[in-house]
file entry.cif (mmCIF, C-alpha atoms; chains and numbers go by the auth columns)
data_my_file
loop_
_atom_site.group_PDB
_atom_site.id
_atom_site.type_symbol
_atom_site.label_atom_id
_atom_site.label_comp_id
_atom_site.label_asym_id
_atom_site.label_seq_id
_atom_site.Cartn_x
_atom_site.Cartn_y
_atom_site.Cartn_z
_atom_site.B_iso_or_equiv
_atom_site.auth_seq_id
_atom_site.auth_asym_id
ATOM 1 C CA MET A 1 64.199 -38.381 -38.980 0.00 1157 A
ATOM 2 C CA LYS A 2 65.008 -34.742 -38.437 0.00 1158 A
ATOM 3 C CA LYS A 3 61.755 -33.833 -40.097 0.00 1159 A
ATOM 4 C CA THR A 4 59.833 -36.100 -37.736 0.00 1160 A
ATOM 5 C CA LEU A 5 61.596 -34.665 -34.696 0.00 1161 A
ATOM 6 C CA VAL A 6 60.798 -31.111 -35.765 0.00 1162 A
ATOM 7 C CA CYS A 7 57.136 -32.006 -36.176 0.00 1163 A
ATOM 8 C CA ILE A 8 57.034 -33.521 -32.688 0.00 1164 A
ATOM 9 C CA LEU A 9 58.647 -30.427 -31.191 0.00 1165 A
ATOM 10 C CA VAL A 10 56.180 -28.117 -32.966 0.00 1166 A
ATOM 11 C CA LEU A 11 53.238 -30.218 -31.734 0.00 1167 A
ATOM 12 C CA CYS A 12 54.485 -30.129 -28.126 0.00 1168 A
ATOM 13 C CA LEU A 13 54.934 -26.380 -28.355 0.00 1169 A
ATOM 14 C CA MET A 14 51.369 -25.910 -29.625 0.00 1170 A
ATOM 15 C CA LEU A 15 49.957 -28.082 -26.843 0.00 1171 A
ATOM 16 C CA SER A 16 51.898 -26.111 -24.264 0.00 1172 A
ATOM 17 C CA VAL A 17 50.628 -22.752 -25.582 0.00 1173 A
ATOM 18 C CA THR A 18 47.026 -24.047 -25.650 0.00 1174 A
ATOM 19 C CA ALA A 19 47.273 -25.261 -22.053 0.00 1175 A
ATOM 20 C CA CYS A 20 48.658 -21.938 -20.896 0.00 1176 A
ATOM 21 C CA GLY A 21 45.938 -20.064 -22.741 0.00 1177 A
ATOM 22 C CA LYS A 22 43.259 -22.210 -21.150 0.00 1178 A
ATOM 23 C CA GLY A 23 44.729 -21.732 -17.698 0.00 1179 A
ATOM 24 C CA GLY A 24 44.809 -17.972 -18.208 0.00 1180 A
ATOM 25 C CA THR A 25 41.196 -17.992 -19.364 0.00 1181 A
ATOM 26 C CA ASP A 26 40.117 -20.065 -16.354 0.00 1182 A
ATOM 27 C CA ALA A 27 41.921 -17.729 -13.989 0.00 1183 A
ATOM 28 C CA THR A 28 40.357 -14.686 -15.638 0.00 1184 A
ATOM 29 C CA GLU A 29 36.865 -16.179 -15.439 0.00 1185 A
ATOM 30 C CA LYS A 30 37.406 -17.074 -11.789 0.00 1186 A
ATOM 31 C CA ASN A 31 38.560 -13.548 -10.949 0.00 1187 A
ATOM 32 C CA GLU A 32 35.617 -12.049 -12.806 0.00 1188 A
ATOM 33 C CA SER A 33 33.202 -14.370 -10.985 0.00 1189 A
ATOM 34 C CA GLU A 34 34.651 -13.474 -7.584 0.00 1190 A
ATOM 35 C CA ALA A 35 34.444 -9.764 -8.425 0.00 1191 A
ATOM 36 C CA ALA A 36 30.789 -10.129 -9.415 0.00 1192 A
ATOM 37 C CA VAL A 37 29.936 -11.917 -6.150 0.00 1193 A
ATOM 38 C CA SER A 38 31.757 -9.245 -4.153 0.00 1194 A
ATOM 39 C CA SER A 39 29.876 -6.513 -6.005 0.00 1195 A
ATOM 40 C CA GLN A 40 26.550 -8.239 -5.322 0.00 1196 A
ATOM 41 C CA ASN A 41 27.372 -8.538 -1.621 0.00 1197 A
ATOM 42 C CA GLU A 42 28.286 -4.847 -1.432 0.00 1198 A
ATOM 43 C CA SER A 43 25.059 -3.904 -3.204 0.00 1199 A
ATOM 44 C CA ALA A 44 23.039 -6.043 -0.789 0.00 1200 A
ATOM 45 C CA GLU A 45 24.738 -4.423 2.212 0.00 1201 A
ATOM 46 C CA THR A 46 24.098 -0.937 0.813 0.00 1202 A
ATOM 47 C CA SER A 47 20.471 -1.800 0.108 0.00 1203 A
ATOM 48 C CA SER A 48 20.061 -3.202 3.615 0.00 1204 A
ATOM 49 C CA GLU A 49 21.469 -0.005 5.131 0.00 1205 A
ATOM 50 C CA THR A 50 19.210 2.143 2.962 0.00 1206 A
ATOM 51 C CA GLU A 51 16.107 0.216 3.980 0.00 1207 A
ATOM 52 C CA LYS A 52 16.747 0.376 7.722 0.00 1208 A
ATOM 53 C CA PRO A 53 13.619 1.546 9.583 0.00 1209 A
ATOM 54 C CA ALA A 54 13.470 4.718 11.605 0.00 1210 A
ATOM 55 C CA SER A 55 14.722 4.723 15.189 0.00 1211 A
ATOM 56 C CA THR A 56 12.818 2.434 17.509 0.00 1212 A
ATOM 57 C CA GLY A 57 13.938 4.146 20.739 0.00 1213 A
ATOM 58 C CA SER A 58 11.558 5.945 23.071 0.00 1214 A
ATOM 59 C CA VAL A 59 11.054 9.709 22.828 0.00 1215 A
ATOM 60 C CA THR A 60 10.839 12.267 25.617 0.00 1216 A
ATOM 61 C CA LEU A 61 8.471 15.161 26.230 0.00 1217 A
ATOM 62 C CA GLU A 62 11.377 17.507 25.545 0.00 1218 A
ATOM 63 C CA ASP A 63 11.922 15.788 22.177 0.00 1219 A
ATOM 64 C CA VAL A 64 8.280 16.364 21.253 0.00 1220 A
ATOM 65 C CA MET A 65 8.220 19.998 22.385 0.00 1221 A
ATOM 66 C CA ASP A 66 11.477 20.880 20.588 0.00 1222 A
ATOM 67 C CA HIS A 67 10.715 19.060 17.343 0.00 1223 A
ATOM 68 C CA PRO A 68 10.239 21.187 14.212 0.00 1224 A
ATOM 69 C CA VAL A 69 6.937 21.280 12.365 0.00 1225 A
ATOM 70 C CA THR A 70 6.403 18.279 10.103 0.00 1226 A
ATOM 71 C CA PRO A 71 6.559 19.033 6.334 0.00 1227 A
ATOM 72 C CA VAL A 72 3.174 19.341 4.631 0.00 1228 A
ATOM 73 C CA GLU A 73 4.115 16.696 2.055 0.00 1229 A
ATOM 74 C CA ASP A 74 4.214 14.086 4.831 0.00 1230 A
ATOM 75 C CA PHE A 75 0.429 14.335 5.273 0.00 1231 A
ATOM 76 C CA GLU A 76 -2.680 13.395 3.387 0.00 1232 A
ATOM 77 C CA TYR A 77 -5.461 15.901 4.025 0.00 1233 A
ATOM 78 C CA GLU A 78 -8.742 17.328 2.826 0.00 1234 A
ATOM 79 C CA GLU A 79 -10.856 20.401 3.344 0.00 1235 A
ATOM 80 C CA ASP A 80 -13.205 20.169 6.306 0.00 1236 A
ATOM 81 C CA GLU A 81 -16.546 21.541 5.152 0.00 1237 A
ATOM 82 C CA GLU A 82 -17.828 22.148 8.673 0.00 1238 A
ATOM 83 C CA THR A 83 -14.984 24.408 9.763 0.00 1239 A
ATOM 84 C CA GLY A 84 -13.663 25.552 6.395 0.00 1240 A
ATOM 85 C CA GLY A 85 -10.227 24.425 7.519 0.00 1241 A
ATOM 86 C CA ILE A 86 -8.067 21.395 6.756 0.00 1242 A
ATOM 87 C CA GLY A 87 -8.514 17.914 8.182 0.00 1243 A
ATOM 88 C CA ILE A 88 -5.521 15.567 8.477 0.00 1244 A
ATOM 89 C CA THR A 89 -6.497 12.139 7.116 0.00 1245 A
ATOM 90 C CA ASN A 90 -3.176 10.254 7.157 0.00 1246 A
ATOM 91 C CA TYR A 91 0.511 10.563 7.973 0.00 1247 A
ATOM 92 C CA LYS A 92 2.829 9.018 5.373 0.00 1248 A
ATOM 93 C CA GLY A 93 6.213 10.129 6.675 0.00 1249 A
ATOM 94 C CA ASN A 94 8.654 8.012 8.702 0.00 1250 A
ATOM 95 C CA ASP A 95 9.633 10.304 11.580 0.00 1251 A
ATOM 96 C CA ASP A 96 9.103 9.155 15.166 0.00 1252 A
ATOM 97 C CA ILE A 97 7.653 12.561 16.072 0.00 1253 A
ATOM 98 C CA VAL A 98 4.903 14.468 14.263 0.00 1254 A
ATOM 99 C CA VAL A 99 4.113 18.147 14.738 0.00 1255 A
ATOM 100 C CA ILE A 100 0.871 19.203 13.039 0.00 1256 A
ATOM 101 C CA PRO A 101 1.345 22.458 11.101 0.00 1257 A
ATOM 102 C CA ASP A 102 -0.802 25.535 11.792 0.00 1258 A
ATOM 103 C CA THR A 103 -1.858 25.862 8.162 0.00 1259 A
ATOM 104 C CA ILE A 104 -1.881 23.921 4.893 0.00 1260 A
ATOM 105 C CA ASP A 105 -2.547 25.610 1.557 0.00 1261 A
ATOM 106 C CA GLY A 106 -3.196 28.843 3.435 0.00 1262 A
ATOM 107 C CA LYS A 107 -6.009 27.338 5.526 0.00 1263 A
ATOM 108 C CA PRO A 108 -5.899 26.467 9.251 0.00 1264 A
ATOM 109 C CA VAL A 109 -5.545 22.810 10.202 0.00 1265 A
ATOM 110 C CA THR A 110 -8.613 22.358 12.390 0.00 1266 A
ATOM 111 C CA LEU A 111 -9.224 18.608 12.553 0.00 1267 A
ATOM 112 C CA VAL A 112 -7.415 15.316 13.098 0.00 1268 A
ATOM 113 C CA GLU A 113 -9.857 13.074 11.279 0.00 1269 A
ATOM 114 C CA LYS A 114 -11.176 9.605 12.093 0.00 1270 A
ATOM 115 C CA TYR A 115 -8.556 6.834 12.118 0.00 1271 A
ATOM 116 C CA SER A 116 -5.826 9.099 10.709 0.00 1272 A
ATOM 117 C CA PHE A 117 -3.155 7.814 13.145 0.00 1273 A
ATOM 118 C CA ASP A 118 -4.718 4.495 14.126 0.00 1274 A
ATOM 119 C CA LEU A 119 -3.456 0.918 13.881 0.00 1275 A
ATOM 120 C CA GLY A 120 -0.412 0.732 11.620 0.00 1276 A
ATOM 121 C CA SER A 121 0.974 4.162 12.446 0.00 1277 A
ATOM 122 C CA THR A 122 4.476 4.015 13.969 0.00 1278 A
ATOM 123 C CA ILE A 123 4.780 7.501 15.454 0.00 1279 A
ATOM 124 C CA LYS A 124 5.908 7.810 19.070 0.00 1280 A
ATOM 125 C CA GLY A 125 5.103 11.439 19.815 0.00 1281 A
ATOM 126 C CA ILE A 126 2.734 14.083 18.435 0.00 1282 A
ATOM 127 C CA ARG A 127 2.126 17.758 19.097 0.00 1283 A
ATOM 128 C CA LEU A 128 -0.981 19.469 17.784 0.00 1284 A
ATOM 129 C CA SER A 129 -0.971 23.040 16.514 0.00 1285 A
ATOM 130 C CA ASP A 130 -3.101 25.699 18.192 0.00 1286 A
ATOM 131 C CA ASN A 131 -5.531 25.686 15.263 0.00 1287 A
ATOM 132 C CA VAL A 132 -6.634 22.077 15.782 0.00 1288 A
ATOM 133 C CA LYS A 133 -10.115 22.098 17.322 0.00 1289 A
ATOM 134 C CA VAL A 134 -11.187 18.439 17.198 0.00 1290 A
ATOM 135 C CA VAL A 135 -9.445 15.091 17.598 0.00 1291 A
ATOM 136 C CA ASP A 136 -12.084 12.969 15.945 0.00 1292 A
ATOM 137 C CA GLU A 137 -13.482 9.527 16.707 0.00 1293 A
ATOM 138 C CA GLY A 138 -10.816 6.806 16.726 0.00 1294 A
ATOM 139 C CA ALA A 139 -8.150 9.209 15.439 0.00 1295 A
ATOM 140 C CA PHE A 140 -5.400 7.321 17.314 0.00 1296 A
ATOM 141 C CA GLY A 141 -7.401 4.218 18.227 0.00 1297 A
ATOM 142 C CA LEU A 142 -5.388 0.971 18.464 0.00 1298 A
ATOM 143 C CA ASN A 143 -2.123 2.822 17.846 0.00 1299 A
ATOM 144 C CA ASP A 144 0.377 0.644 19.703 0.00 1300 A
ATOM 145 C CA SER A 145 3.421 2.897 19.298 0.00 1301 A
ATOM 146 C CA VAL A 146 2.434 6.425 20.376 0.00 1302 A
ATOM 147 C CA GLU A 147 3.842 7.369 23.787 0.00 1303 A
ATOM 148 C CA ILE A 148 3.383 11.136 24.148 0.00 1304 A
ATOM 149 C CA VAL A 149 0.570 13.426 22.969 0.00 1305 A
ATOM 150 C CA VAL A 150 0.541 17.197 23.511 0.00 1306 A
ATOM 151 C CA PHE A 151 -2.528 19.259 22.590 0.00 1307 A
ATOM 152 C CA GLY A 152 -2.292 22.788 21.241 0.00 1308 A
ATOM 153 C CA ALA A 153 -4.313 25.624 22.766 0.00 1309 A
ATOM 154 C CA GLY A 154 -7.333 25.266 20.487 0.00 1310 A
ATOM 155 C CA VAL A 155 -8.713 21.742 21.018 0.00 1311 A
ATOM 156 C CA THR A 156 -12.326 21.761 22.219 0.00 1312 A
ATOM 157 C CA LYS A 157 -13.331 18.120 21.732 0.00 1313 A
ATOM 158 C CA VAL A 158 -11.795 14.660 22.054 0.00 1314 A
ATOM 159 C CA GLY A 159 -13.956 12.218 20.086 0.00 1315 A
ATOM 160 C CA ALA A 160 -15.176 8.774 21.088 0.00 1316 A
ATOM 161 C CA SER A 161 -12.390 6.157 21.261 0.00 1317 A
ATOM 162 C CA ALA A 162 -9.922 8.798 20.068 0.00 1318 A
ATOM 163 C CA PHE A 163 -7.034 7.162 21.979 0.00 1319 A
ATOM 164 C CA GLN A 164 -8.591 3.803 22.781 0.00 1320 A
ATOM 165 C CA ASP A 165 -6.070 0.999 23.321 0.00 1321 A
ATOM 166 C CA CYS A 166 -3.012 3.190 22.822 0.00 1322 A
ATOM 167 C CA VAL A 167 -1.180 0.764 25.083 0.00 1323 A
ATOM 168 C CA LYS A 168 2.144 2.682 25.197 0.00 1324 A
ATOM 169 C CA LEU A 169 0.663 6.137 25.756 0.00 1325 A
ATOM 170 C CA HIS A 170 2.125 7.338 29.068 0.00 1326 A
ATOM 171 C CA THR A 171 2.051 11.134 28.754 0.00 1327 A
ATOM 172 C CA MET A 172 -1.050 13.076 27.699 0.00 1328 A
ATOM 173 C CA ILE A 173 -1.198 16.867 28.028 0.00 1329 A
ATOM 174 C CA LEU A 174 -4.626 18.403 27.512 0.00 1330 A
ATOM 175 C CA ASN A 175 -5.254 22.113 27.005 0.00 1331 A
ATOM 176 C CA ASP A 176 -7.244 24.744 28.856 0.00 1332 A
ATOM 177 C CA GLY A 177 -10.249 25.425 26.649 0.00 1333 A
ATOM 178 C CA LEU A 178 -11.062 21.754 26.084 0.00 1334 A
ATOM 179 C CA THR A 179 -14.772 21.247 26.797 0.00 1335 A
ATOM 180 C CA THR A 180 -15.782 17.706 25.749 0.00 1336 A
ATOM 181 C CA ILE A 181 -14.272 14.238 26.242 0.00 1337 A
ATOM 182 C CA ASP A 182 -16.340 11.537 24.583 0.00 1338 A
ATOM 183 C CA ASN A 183 -16.989 7.905 25.482 0.00 1339 A
ATOM 184 C CA LEU A 184 -13.997 5.511 25.662 0.00 1340 A
ATOM 185 C CA ALA A 185 -11.622 8.324 24.686 0.00 1341 A
ATOM 186 C CA PHE A 186 -8.778 6.896 26.811 0.00 1342 A
ATOM 187 C CA SER A 187 -10.059 3.360 27.335 0.00 1343 A
ATOM 188 C CA GLY A 188 -7.374 0.678 27.421 0.00 1344 A
ATOM 189 C CA CYS A 189 -4.430 3.103 27.687 0.00 1345 A
ATOM 190 C CA GLU A 190 -2.691 0.810 30.137 0.00 1346 A
ATOM 191 C CA ALA A 191 0.577 2.776 30.349 0.00 1347 A
ATOM 192 C CA LEU A 192 -1.251 5.996 31.283 0.00 1348 A
ATOM 193 C CA LYS A 193 -1.008 6.412 35.054 0.00 1349 A
ATOM 194 C CA GLU A 194 -2.569 9.849 35.490 0.00 1350 A
ATOM 195 C CA LEU A 195 -4.394 12.470 33.463 0.00 1351 A
ATOM 196 C CA GLU A 196 -5.052 16.074 34.433 0.00 1352 A
ATOM 197 C CA ILE A 197 -8.449 17.306 33.284 0.00 1353 A
ATOM 198 C CA PRO A 198 -8.638 21.075 32.631 0.00 1354 A
ATOM 199 C CA ASP A 199 -11.264 23.068 34.541 0.00 1355 A
ATOM 200 C CA SER A 200 -12.768 24.064 31.182 0.00 1356 A
ATOM 201 C CA VAL A 201 -14.106 20.527 30.576 0.00 1357 A
ATOM 202 C CA THR A 202 -17.869 20.503 31.090 0.00 1358 A
ATOM 203 C CA GLU A 203 -18.860 17.268 29.371 0.00 1359 A
ATOM 204 C CA MET A 204 -17.420 13.779 29.847 0.00 1360 A
ATOM 205 C CA ILE A 205 -19.606 11.233 28.103 0.00 1361 A
ATOM 206 C CA ASN A 206 -20.200 7.797 29.663 0.00 1362 A
ATOM 207 C CA SER A 207 -16.906 5.957 30.269 0.00 1363 A
ATOM 208 C CA PRO A 208 -13.858 7.768 28.877 0.00 1364 A
ATOM 209 C CA PHE A 209 -11.590 5.830 31.301 0.00 1365 A
ATOM 210 C CA PHE A 210 -13.069 2.366 30.911 0.00 1366 A
ATOM 211 C CA GLY A 211 -10.614 -0.481 31.392 0.00 1367 A
ATOM 212 C CA LEU A 212 -7.724 1.534 32.850 0.00 1368 A
ATOM 213 C CA ASP A 213 -5.444 0.031 35.502 0.00 1369 A
ATOM 214 C CA ASP A 214 -6.244 0.325 39.193 0.00 1370 A
ATOM 215 C CA ASP A 215 -3.315 2.701 39.698 0.00 1371 A
ATOM 216 C CA PHE A 216 -4.639 5.224 37.156 0.00 1372 A
ATOM 217 C CA THR A 217 -5.598 8.602 38.657 0.00 1373 A
ATOM 218 C CA VAL A 218 -7.701 11.456 37.341 0.00 1374 A
ATOM 219 C CA ILE A 219 -6.463 14.874 38.461 0.00 1375 A
ATOM 220 C CA GLY A 220 -8.931 17.741 38.492 0.00 1376 A
ATOM 221 C CA LYS A 221 -10.801 20.382 40.397 0.00 1377 A
ATOM 222 C CA ALA A 222 -12.693 19.140 43.451 0.00 1378 A
ATOM 223 C CA GLY A 223 -16.408 18.881 42.788 0.00 1379 A
ATOM 224 C CA SER A 224 -15.916 19.065 39.021 0.00 1380 A
ATOM 225 C CA ILE A 225 -17.228 16.769 36.323 0.00 1381 A
ATOM 226 C CA ALA A 226 -13.765 15.198 36.330 0.00 1382 A
ATOM 227 C CA GLU A 227 -14.294 13.976 39.897 0.00 1383 A
ATOM 228 C CA GLU A 228 -17.825 12.819 39.106 0.00 1384 A
ATOM 229 C CA THR A 229 -16.658 10.861 36.033 0.00 1385 A
ATOM 230 C CA ALA A 230 -13.750 9.295 37.909 0.00 1386 A
ATOM 231 C CA ALA A 231 -16.186 7.972 40.503 0.00 1387 A
ATOM 232 C CA SER A 232 -18.580 6.571 37.893 0.00 1388 A
ATOM 233 C CA ASN A 233 -15.673 4.968 36.020 0.00 1389 A
ATOM 234 C CA GLN A 234 -14.318 3.542 39.282 0.00 1390 A
ATOM 235 C CA VAL A 235 -10.883 5.129 39.001 0.00 1391 A
ATOM 236 C CA SER A 236 -8.958 7.191 41.545 0.00 1392 A
ATOM 237 C CA PHE A 237 -9.303 10.952 41.750 0.00 1393 A
ATOM 238 C CA ARG A 238 -6.912 13.555 43.148 0.00 1394 A
ATOM 239 C CA ALA A 239 -7.865 17.197 43.575 0.00 1395 A
ATOM 240 C CA LYS A 240 -5.354 19.699 42.260 0.00 1396 A
#

call {"tool": "encode", "arguments": {"input": "entry.cif", "output": "structure tokens"}}
result
Amino acid sequence: MKKTLVCILVLCLMLSVTACGKGGTDATEKNESEAAVSSQNESAETSSETEKPASTGSVTLEDVMDHPVTPVEDFEYEEDEETGGIGITNYKGNDDIVVIPDTIDGKPVTLVEKYSFDLGSTIKGIRLSDNVKVVDEGAFGLNDSVEIVVFGAGVTKVGASAFQDCVKLHTMILNDGLTTIDNLAFSGCEALKELEIPDSVTEMINSPFFGLDDDFTVIGKAGSIAEETAASNQVSFRAK
């Protein structure tokens, strides 16, 4: 009888230890699972913060004028055979403001090439260096984010459709020394309310202001080609 009782007690003790062990294992697994989920959530939050896009706020003219020159590695570029300088072909950075450098690889940056800042670019402001001579055809065409453009002292030509349908472009500062503005250069820039044309401009081809709002005004010298083009494009003119 005693032997039987001892066996029963031993069996109960073993069952009790097994149950406790199982409970401890379950608790451990649960804690480990919760820790893993928490870690995954933290990683997701960190990843989300890392992947946040650049600021989407507007920029000011002061922001553009005070901004440092954009690093060379943010551009794709090639040598321009015609001028012997460098042509910008693409911007691959993520800054809201771009300032074109004077030189790349020891050569002057003379050209903003076709479609280099067109549809898909997210820049809001750009300032050209004094070495840039040409803003080529469609260079900023269909760019729906750019708001402010400031030319350097060296630009001589704005190509056809260079800023066509830049619907948020509201401030455009051209330089003395500019001579040619090609067809549809500022067509469809619906936020642009006025544009001062330098006295140096001697050629405005066809309809650079086609499709602008009724309240758009060309500012220029009385009797100049700016006044003549404003009349032919059926937009307002104000003598400076």

call {"tool": "closest_atom_pairs", "arguments": {"input": "entry.cif", "of": "stretch 1303-1388 of chain A", "to": "stretch 1252-1260 of chain A", "cutoff": "12 Å", "atoms": "all atoms listed in the file", "output": "CSV"}}
result
residue,atom,partner,partner_atom,distance
A:Glu1303,CA,A:Ile1253,CA,10.0
A:Ile1304,CA,A:Ile1253,CA,9.2
A:Val1305,CA,A:Val1254,CA,9.8
A:Val1306,CA,A:Val1255,CA,9.5
A:Phe1307,CA,A:Ile1256,CA,10.1
A:Gly1308,CA,A:Ile1256,CA,9.5
A:Ala1309,CA,A:Asp1258,CA,11.5
A:Gly1310,CA,A:Asp1258,CA,10.9

call {"tool": "atom_distance", "arguments": {"input": "entry.cif", "atom1": "atom CA of A:Ser1214", "atom2": "atom CA of A:Lys1280"}}
result
7.2 Å

call {"tool": "resolve_selection", "arguments": {"input": "entry.cif", "expression": "the PyMOL selection byres ((chain A and resi 1314) around 9)", "output": "PyMOL selection string"}}
result
chain A and resi 1289-1293+1311-1313+1315-1319+1334-1338+1341

call {"tool": "write_last_selection", "arguments": {"input": "entry.cif", "atoms": "C-alpha atoms", "output": "JSON list (two decimals), in the coordinates of the input"}}
result
[["chain", "number", "residue", "atom", "x", "y", "z"],
["A", 1289, "LYS", "CA", -10.12, 22.10, 17.32],
["A", 1290, "VAL", "CA", -11.19, 18.44, 17.20],
["A", 1291, "VAL", "CA", -9.44, 15.09, 17.60],
["A", 1292, "ASP", "CA", -12.08, 12.97, 15.94],
["A", 1293, "GLU", "CA", -13.48, 9.53, 16.71],
["A", 1311, "VAL", "CA", -8.71, 21.74, 21.02],
["A", 1312, "THR", "CA", -12.33, 21.76, 22.22],
["A", 1313, "LYS", "CA", -13.33, 18.12, 21.73],
["A", 1315, "GLY", "CA", -13.96, 12.22, 20.09],
["A", 1316, "ALA", "CA", -15.18, 8.77, 21.09],
["A", 1317, "SER", "CA", -12.39, 6.16, 21.26],
["A", 1318, "ALA", "CA", -9.92, 8.80, 20.07],
["A", 1319, "PHE", "CA", -7.03, 7.16, 21.98],
["A", 1334, "LEU", "CA", -11.06, 21.75, 26.08],
["A", 1335, "THR", "CA", -14.77, 21.25, 26.80],
["A", 1336, "THR", "CA", -15.78, 17.71, 25.75],
["A", 1337, "ILE", "CA", -14.27, 14.24, 26.24],
["A", 1338, "ASP", "CA", -16.34, 11.54, 24.58],
["A", 1341, "ALA", "CA", -11.62, 8.32, 24.69]]

call {"tool": "residues_around", "arguments": {"input": "entry.cif", "residues": "A:Ile1381", "least_positions_apart": "4", "cutoff": "8 Å", "atoms": "only C-alpha atoms", "output": "PyMOL selection string"}}
result
chain A and resi 1357-1360+1385

call {"tool": "resolve_selection", "arguments": {"input": "entry.cif", "expression": "the PyMOL selection byres ((chain A and resi 1347) around 9)", "output": "PyMOL selection string"}}
result
chain A and resi 1303+1322-1327+1344-1346+1348-1349+1368-1369+1372

call {"tool": "resolve_selection", "arguments": {"input": "entry.cif", "expression": "the PyMOL selection byres ((chain A and resi 1393) around 12)", "output": "PyMOL selection string"}}
result
chain A and resi 1349-1353+1365+1370-1392+1394-1396

call {"tool": "atom_distance", "arguments": {"input": "entry.cif", "atom1": "atom CA of A:Leu1217", "atom2": "atom CA of A:Ser1285"}}
result
15.7 Å

call {"tool": "atom_distance", "arguments": {"input": "entry.cif", "atom1": "atom CA of A:Ala1295", "atom2": "atom CA of A:Ser1277"}}
result
10.8 Å

call {"tool": "closest_residue", "arguments": {"input": "entry.cif", "among": "A:Glu1238, A:Pro1227, A:Asp1219, A:Gly1213", "to": "A:Ile1282", "atoms": "only C-alpha atoms"}}
result
A:Asp1219

call {"tool": "axis_aligned_box", "arguments": {"input": "entry.cif", "around": "stretch 1254-1264 of chain A", "padding_each_side": "5 Å", "output": "lines of an AutoDock Vina configuration file"}}
result
center_x = -0.6
center_y = 21.7
center_z = 8.1
size_x = 20.9
size_y = 24.4
size_z = 23.2

call {"tool": "closest_residue", "arguments": {"input": "entry.cif", "among": "A:Thr1239, A:Thr1245, A:Asn1299, A:Ser1272", "to": "A:Asn1287", "atoms": "only C-alpha atoms"}}
result
A:Thr1239

call {"tool": "closest_residue", "arguments": {"input": "entry.cif", "among": "A:Gly1243, A:Gly1281, A:Pro1364, A:Gly1297", "to": "A:Thr1266", "atoms": "only C-alpha atoms"}}
result
A:Gly1243

call {"tool": "closest_residue", "arguments": {"input": "entry.cif", "among": "A:Val1288, A:Leu1275, A:Leu1298, A:Leu1267", "to": "A:Tyr1233", "atoms": "all atoms listed in the file"}}
result
A:Leu1267

call {"tool": "closest_residue", "arguments": {"input": "entry.cif", "among": "A:Asp1222, A:Val1215, A:Arg1283, A:Val1268", "to": "A:Ile1242", "atoms": "only C-alpha atoms"}}
result
A:Val1268
